[in-house]
$ cat start_15.txt   # compact mmCIF, C-alpha atoms
# COMPACT_ATOMS: atom_id res chain seq x y z
CA MET A 4 27.95 -14.04 -31.37
CA PRO A 5 30.50 -11.23 -31.21
CA PRO A 6 31.24 -9.99 -27.67
CA MET A 7 30.20 -6.41 -28.51
CA LEU A 8 26.77 -7.54 -29.76
CA ARG A 9 26.28 -9.77 -26.72
CA THR A 10 27.12 -6.86 -24.39
CA LEU A 11 24.68 -4.62 -26.24
CA LEU A 12 21.87 -7.19 -26.03
CA ILE A 13 22.45 -7.78 -22.33
CA SER A 14 22.41 -4.03 -21.70
CA LEU A 15 19.13 -3.62 -23.60
CA LEU A 16 17.59 -6.52 -21.70
CA ALA A 17 18.64 -5.05 -18.35
CA LEU A 18 17.24 -1.66 -19.32
CA GLY A 19 13.96 -3.25 -20.36
CA LEU A 20 13.67 -5.14 -17.09
CA ALA A 21 14.39 -2.01 -15.08
CA ALA A 22 11.63 -0.14 -16.90
CA CYS A 23 9.13 -2.86 -15.96
CA THR A 24 9.48 -2.15 -12.24
CA SER A 25 7.71 1.22 -12.48
CA LYS A 26 3.89 1.15 -12.36
CA PRO A 27 1.20 3.80 -11.83
CA VAL A 28 0.70 4.52 -8.12
CA LEU A 29 -2.12 2.35 -6.78
CA THR A 30 -4.72 4.15 -4.65
CA PRO A 31 -6.96 1.37 -3.33
CA GLN A 32 -10.48 2.45 -2.48
CA GLN A 33 -12.78 -0.16 -1.01
CA MET A 34 -16.41 -0.20 -0.06
CA VAL A 35 -16.85 -1.28 3.54
CA PRO A 36 -18.97 -4.46 3.85
CA HIS A 37 -22.47 -3.38 4.88
CA SER A 38 -24.03 -6.33 6.69
CA GLN A 39 -23.98 -4.02 9.71
CA PRO A 40 -22.69 -0.43 9.90
CA TYR A 41 -19.25 0.09 11.43
CA SER A 42 -18.49 2.89 13.82
CA ASP A 43 -15.48 5.15 13.28
CA ALA A 44 -13.81 3.41 16.23
CA GLN A 45 -14.33 -0.05 14.67
CA LEU A 46 -12.95 1.12 11.34
CA GLN A 47 -9.96 2.71 13.03
CA ARG A 48 -9.25 -0.47 15.05
CA ALA A 49 -9.38 -2.59 11.88
CA ILE A 50 -7.04 -0.22 10.05
CA LEU A 51 -4.59 -0.09 12.98
CA ALA A 52 -4.58 -3.89 13.33
CA ALA A 53 -3.95 -4.37 9.58
CA LEU A 54 -1.14 -1.78 9.60
CA SER A 55 0.51 -3.55 12.52
CA GLN A 56 0.19 -7.00 10.91
CA ARG A 57 1.79 -5.74 7.69
CA GLY A 58 4.73 -4.02 9.42
CA TRP A 59 3.59 -0.41 8.94
CA THR A 60 4.29 2.17 11.66
CA VAL A 61 1.46 4.49 12.64
CA ASP A 62 2.72 8.08 12.45
CA GLN A 63 -0.44 10.01 13.30
CA ILE A 64 -4.10 9.38 14.07
CA LYS A 65 -6.63 12.08 13.24
CA PRO A 66 -10.41 11.84 12.91
CA CYS A 67 -11.11 9.61 9.88
CA THR A 68 -7.42 9.50 8.85
CA VAL A 69 -4.52 7.30 9.91
CA SER A 70 -1.06 8.25 8.63
CA ALA A 71 1.50 5.45 8.45
CA SER A 72 4.90 4.58 7.02
CA ILE A 73 6.97 1.52 6.26
CA THR A 74 10.69 1.01 5.74
CA VAL A 75 11.74 -2.22 4.07
CA ARG A 76 15.29 -3.57 4.32
CA GLY A 77 16.40 -0.27 5.84
CA ARG A 78 16.25 1.38 2.44
CA HIS A 79 12.82 1.51 0.78
CA HIS A 80 10.42 3.88 2.53
CA ALA A 81 6.77 4.74 1.83
CA GLU A 82 4.26 7.00 3.59
CA ILE A 83 0.49 6.78 3.23
CA ASP A 84 -2.77 8.14 4.61
CA VAL A 85 -5.68 5.78 5.17
CA VAL A 86 -8.80 7.93 4.92
CA TYR A 87 -12.06 6.30 6.00
CA ASN A 88 -15.75 6.91 6.56
CA PRO A 89 -18.63 4.54 7.36
CA SER A 90 -18.93 3.37 3.75
CA THR A 91 -15.38 3.41 2.25
CA TYR A 92 -11.69 3.62 2.93
CA LEU A 93 -8.94 4.91 0.69
CA ILE A 94 -5.18 4.33 0.89
CA ARG A 95 -3.50 7.45 -0.47
CA TYR A 96 0.20 7.81 -1.35
CA ARG A 97 1.94 10.60 0.59
CA ASP A 98 5.70 10.25 0.04
CA SER A 99 8.51 7.75 -0.54
CA ARG A 100 12.26 7.27 -0.75
CA ALA A 101 14.19 4.79 -2.90
CA LEU A 102 11.01 3.66 -4.69
CA ASP A 103 11.65 5.67 -7.85
CA TYR A 104 8.48 7.79 -7.63
CA LYS A 105 8.17 10.04 -10.67
CA ASP A 106 5.23 11.42 -12.62
CA GLY A 107 2.63 9.30 -10.83
CA LYS A 108 4.63 6.08 -11.22
CA ILE A 109 6.42 4.11 -8.52
CA HIS A 110 8.22 0.81 -7.99
CA ARG A 111 5.77 -2.09 -8.22
CA ASN A 112 6.54 -3.20 -4.65
CA TYR A 113 4.72 -0.14 -3.28
CA ASN A 114 1.56 -1.26 -5.08
CA ARG A 115 1.93 -4.75 -3.65
CA TRP A 116 2.35 -3.35 -0.14
CA VAL A 117 -0.77 -1.18 -0.29
CA ASN A 118 -2.82 -3.90 -1.99
CA ASN A 119 -1.86 -6.37 0.75
CA LEU A 120 -2.72 -3.74 3.36
CA SER A 121 -6.13 -3.19 1.79
CA GLN A 122 -6.84 -6.93 1.86
CA SER A 123 -5.79 -7.08 5.53
CA ILE A 124 -8.14 -4.19 6.40
CA LEU A 125 -11.04 -6.06 4.77
CA LYS A 126 -10.16 -9.21 6.75
CA GLU A 127 -10.04 -7.22 9.99
CA LEU A 128 -13.46 -5.72 9.23
CA GLN A 129 -14.85 -9.21 8.61
CA LEU A 130 -13.37 -10.38 11.92
CA ALA A 131 -14.92 -7.39 13.70
CA GLN A 132 -18.27 -8.33 12.16
CA THR A 133 -18.07 -11.94 13.40
CA ARG A 134 -17.17 -10.75 16.91
CA GLN A 135 -20.36 -8.66 16.93
CA ASP A 136 -22.62 -11.54 15.84
$ encode --input "start_15.txt" --output "structure tokens"
Amino acid sequence: MPPMLRTLLISLLALGLAACTSKPVLTPQQMVPHSQPYSDAQLQRAILAALSQRGWTVDQIKPCTVSASITVRGRHHAEIDVVYNPSTYLIRYRDSRALDYKDGKIHRNYNRWVNNLSQSILKELQLAQTRQD
């Protein structure tokens, strides 16, 4: 294969792989398990525990909203709001740096981070439920 063709193919492959890293911004919304109602304080404790476990820093706590951020490898930064009520919680994108956010799309790692956070919140709520029983 001629060197020029090989260079062109490698360039196209690299460009294609780079395009695959951008995905629509994930906004997880979960129903809170209803075996017993949770108080706002219980929901907030579960959210704060999950944020801490996943390496997020709590920036602000307001009624029914926790704002948090994460910086990974000193470079990639994301900011979110976790909005909650007795029946649901929602993880909403707020801002980011070095995650290629554009037109509602972002680097796939952001989606992984918020999905993992959502799963951790659910686990914390289940733990809170077993402590009540």
$ residues_around --input "start_15.txt" --residues "Leu102 of chain A" --least-positions-apart "3" --cutoff "8 Å" --atoms "all atoms listed in the file" --output "PyMOL selection string"
chain A and resi 79-81+99+109-110+113
$ atom_distance --input "start_15.txt" --atom1 "atom CA of Pro89 of chain A" --atom2 "atom CA of Tyr41 of chain A"
6.1 Å
$ closest_residue --input "start_15.txt" --among "A:Arg9, A:Gln32, A:Gln122, A:Tyr87" --to "Gln45 of chain A" --atoms "all atoms listed in the file"
A:Tyr87
$ closest_residue --input "start_15.txt" --among "A:Ile94, A:Pro40, A:Ala49, A:Ser25" --to "Val117 of chain A" --atoms "all atoms listed in the file"
A:Ile94
$ atom_distance --input "start_15.txt" --atom1 "atom CA of Trp116 of chain A" --atom2 "atom CA of Leu128 of chain A"
18.5 Å
$ residues_around --input "start_15.txt" --residues "segment 50-65 of chain A" --least-positions-apart "6" --cutoff "10 Å" --atoms "all atoms listed in the file" --output "list in words"
Ala44, Ala71, Ser72, Ile73, Thr74, Val75, Ala81, Glu82, Ile83, Asp84, Val85, Val86, Tyr87, Tyr92, Trp116, Val117, Asn119, Leu120, Ser121, Gln122, Ser123, Ile124, Leu125, Lys126, Glu127 and Leu128 of chain A
$ closest_residue --input "start_15.txt" --among "A:Thr24, A:Asp43, A:Thr68, A:Arg78" --to "Arg95 of chain A" --atoms "all atoms listed in the file"
A:Thr68
$ atom_distance --input "start_15.txt" --atom1 "atom CA of Arg115 of chain A" --atom2 "atom CA of Leu46 of chain A"
21.9 Å
$ closest_residue --input "start_15.txt" --among "A:Gln132, A:Met7, A:Gly107, A:Ala101" --to "Val35 of chain A" --atoms "all atoms listed in the file"
A:Gln132
$ closest_residue --input "start_15.txt" --among "A:Thr10, A:Ser70, A:Asn112, A:Thr91" --to "Pro36 of chain A" --atoms "only C-alpha atoms"
A:Thr91
$ closest_residue --input "start_15.txt" --among "A:Leu93, A:Met34, A:Val28, A:Cys67" --to "Asp106 of chain A" --atoms "all atoms listed in the file"
A:Val28
$ build_atoms --input "start_15.txt" --residues "segment 90-104 of chain A" --atoms "N, CA and C atoms" --output "PDB file, in the frame of the given file"
ATOM      1  N   SER A  90     -18.654   4.188   4.923  1.00  0.00           N
ATOM      2  CA  SER A  90     -18.930   3.370   3.750  1.00  0.00           C
ATOM      3  C   SER A  90     -17.689   2.988   2.927  1.00  0.00           C
ATOM      4  N   THR A  91     -16.569   3.715   3.060  1.00  0.00           N
ATOM      5  CA  THR A  91     -15.380   3.410   2.250  1.00  0.00           C
ATOM      6  C   THR A  91     -14.102   3.721   3.015  1.00  0.00           C
ATOM      7  N   TYR A  92     -13.015   3.176   2.498  1.00  0.00           N
ATOM      8  CA  TYR A  92     -11.690   3.620   2.930  1.00  0.00           C
ATOM      9  C   TYR A  92     -10.810   3.740   1.695  1.00  0.00           C
ATOM     10  N   LEU A  93      -9.823   4.600   1.802  1.00  0.00           N
ATOM     11  CA  LEU A  93      -8.940   4.910   0.690  1.00  0.00           C
ATOM     12  C   LEU A  93      -7.511   4.952   1.213  1.00  0.00           C
ATOM     13  N   ILE A  94      -6.596   4.289   0.520  1.00  0.00           N
ATOM     14  CA  ILE A  94      -5.180   4.330   0.890  1.00  0.00           C
ATOM     15  C   ILE A  94      -4.496   5.263  -0.103  1.00  0.00           C
ATOM     16  N   ARG A  95      -4.047   6.399   0.385  1.00  0.00           N
ATOM     17  CA  ARG A  95      -3.500   7.450  -0.470  1.00  0.00           C
ATOM     18  C   ARG A  95      -1.982   7.581  -0.268  1.00  0.00           C
ATOM     19  N   TYR A  96      -1.247   7.584  -1.361  1.00  0.00           N
ATOM     20  CA  TYR A  96       0.200   7.810  -1.350  1.00  0.00           C
ATOM     21  C   TYR A  96       0.498   9.199  -0.814  1.00  0.00           C
ATOM     22  N   ARG A  97       1.516   9.301   0.064  1.00  0.00           N
ATOM     23  CA  ARG A  97       1.940  10.600   0.590  1.00  0.00           C
ATOM     24  C   ARG A  97       3.364  10.940   0.185  1.00  0.00           C
ATOM     25  N   ASP A  98       4.295   9.981   0.344  1.00  0.00           N
ATOM     26  CA  ASP A  98       5.700  10.250   0.040  1.00  0.00           C
ATOM     27  C   ASP A  98       6.451   8.921  -0.001  1.00  0.00           C
ATOM     28  N   SER A  99       7.675   8.957  -0.531  1.00  0.00           N
ATOM     29  CA  SER A  99       8.510   7.750  -0.540  1.00  0.00           C
ATOM     30  C   SER A  99       9.960   8.130  -0.771  1.00  0.00           C
ATOM     31  N   ARG A 100      10.827   7.155  -0.450  1.00  0.00           N
ATOM     32  CA  ARG A 100      12.260   7.270  -0.750  1.00  0.00           C
ATOM     33  C   ARG A 100      12.717   5.913  -1.292  1.00  0.00           C
ATOM     34  N   ALA A 101      13.581   5.981  -2.281  1.00  0.00           N
ATOM     35  CA  ALA A 101      14.190   4.790  -2.900  1.00  0.00           C
ATOM     36  C   ALA A 101      13.144   3.865  -3.533  1.00  0.00           C
ATOM     37  N   LEU A 102      12.004   4.438  -3.959  1.00  0.00           N
ATOM     38  CA  LEU A 102      11.010   3.660  -4.690  1.00  0.00           C
ATOM     39  C   LEU A 102      10.760   4.244  -6.083  1.00  0.00           C
ATOM     40  N   ASP A 103      11.660   5.118  -6.500  1.00  0.00           N
ATOM     41  CA  ASP A 103      11.650   5.670  -7.850  1.00  0.00           C
ATOM     42  C   ASP A 103      10.335   6.341  -8.242  1.00  0.00           C
ATOM     43  N   TYR A 104       9.719   7.071  -7.303  1.00  0.00           N
ATOM     44  CA  TYR A 104       8.480   7.790  -7.630  1.00  0.00           C
ATOM     45  C   TYR A 104       8.780   8.923  -8.603  1.00  0.00           C
TER      46      TYR A 104
END
